[in-house]
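Comments concern the structure below.
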Amino acid sequence: MMHFRHLTLAVVATLAIAPAAFAQDTTTDTSGKRFAVVGGYALAEPTSNPQIAGTRTNVDGDGAATLSASWYATDNIAIEAWGAADKFGNRVRTPNGKVASIDSQPYALSGQYHFGTSASTVRPFVGLGYFEANVDGEKAEPTGALAGQRIGVDTAKGGM
């Protein structure tokens with residue numbers, strides 16, 4: 001898994017440097033340019049710690065590189081596809097140690113309205129879309145409270 005993280009960071013670093021290739025563009029007006037690609041980093045930190053077999057658990061968060069691609073239908077309206085470039089790994093712990101691990105990979109699709117003009121340096125936006133996190137890699141520790149059980153759900157869905 002560490003190999004994929006290094007590969008992901010290399011891809012994000014490459015995408016971060018890519019805008020330098022467009023340095024010859026002397027105008028600040030981006031009107032008519034239809035695509036935007038952005039690399040980033042997201043931290044998935046669970047907000048609740050469930051009880052397993054009557055014992056309080058602690059679910060660790062994890063971070064991953066993200067990529068998004070936006071297509072601008074007009075200078076102000078865009079459709080964006082966003083997703084994590086690697087899976088988030090979460091460990092479930094009790095006071096007695098690790099009892100399980102779960103992997104998830106989120107993605108989203110949204111419609112956006114960008115305020116201001118295409119020449120503006122900062123362009124706030126509002127959006128509405130769909131978010132889903134595919135959950136897999138559920139693994140219970142052989143000696144923990146969940147030994148021999150399948151844990152987790154197939155998908156976690158919600159609104160963005």
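By order of appearance in the structure tokens: chains A, B, ..., then residues from 1 within every chain, and ligands from 1 in the order shown.
Residues with any atom within 9 Å of segment 107-109 of chain A, counting only C-alpha atoms and excluding same-chain neighbours fewer than 4 positions away, are Ile79, Glu80, Ala81, Trp82, Gly83, Ala84, Leu128, Gly129, Tyr130, Phe131, Glu132, Ala133, Asn134 and Met160 of chain A.
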Problem - strand (DSSP E or B) call set, DSSP backbone run, segment 64-115 of chain A, as a ChimeraX atom specification - result: /A:64-72,77-84,88-94,97-114
Handout entry: From A:Ile77, A:Ile52, A:Val126, A:Val135, residue lying nearest Gly89 of chain A [only C-alpha atoms]
Key =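 Smallest separation from Gly89 of chain A among the options: A:Val135.
For the residues A:Gln112, A:Asn76, A:Thr66, A:Thr121, ranking by smallest atom-to-atom distance to Phe88 of chain A using only C-alpha atoms places A:Thr66 first.
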Excluding Arg91 of chain A and its own-chain neighbours fewer than 4 positions away, which residues fall within 12 Å of it when counting only C-alpha atoms? Please give them as a PDB file with C-alpha atoms, in the first residue's frame.
ATOM      1  CA  GLU A  45     -11.672  11.674  10.050  1.00  0.00           C
ATOM      2  CA  PRO A  46     -14.635   9.653  11.425  1.00  0.00           C
ATOM      3  CA  ASN A  49     -16.733   5.839  17.557  1.00  0.00           C
ATOM      4  CA  THR A  57     -13.919   1.841  20.003  1.00  0.00           C
ATOM      5  CA  ASN A  58     -11.723   4.469  18.399  1.00  0.00           C
ATOM      6  CA  VAL A  59     -11.702   4.691  14.586  1.00  0.00           C
ATOM      7  CA  ASP A  60      -8.542   6.281  13.175  1.00  0.00           C
ATOM      8  CA  GLY A  61      -8.685   8.712  10.253  1.00  0.00           C
ATOM      9  CA  ASP A  62      -6.439   8.719   7.203  1.00  0.00           C
ATOM     10  CA  GLY A  97      -5.643  -3.041  20.688  1.00  0.00           C
ATOM     11  CA  LYS A  98      -6.613  -3.146  17.010  1.00  0.00           C
ATOM     12  CA  VAL A  99      -9.730  -5.219  16.226  1.00  0.00           C
ATOM     13  CA  ALA A 100     -10.343  -4.394  12.547  1.00  0.00           C
ATOM     14  CA  SER A 101      -9.374  -2.332   9.509  1.00  0.00           C
ATOM     15  CA  ILE A 102     -11.484  -0.873   6.692  1.00  0.00           C
ATOM     16  CA  ASP A 103     -10.535   0.798   3.379  1.00  0.00           C
ATOM     17  CA  SER A 104     -12.693   3.370   1.600  1.00  0.00           C
ATOM     18  CA  GLY A 137     -11.027  -4.380   2.519  1.00  0.00           C
ATOM     19  CA  GLU A 138     -12.912  -5.056   5.742  1.00  0.00           C
ATOM     20  CA  LYS A 139     -10.658  -7.219   7.864  1.00  0.00           C
ATOM     21  CA  ALA A 140     -11.219  -8.370  11.438  1.00  0.00           C
ATOM     22  CA  GLU A 141      -8.188  -9.268  13.524  1.00  0.00           C
TER      23      GLU A 141
END
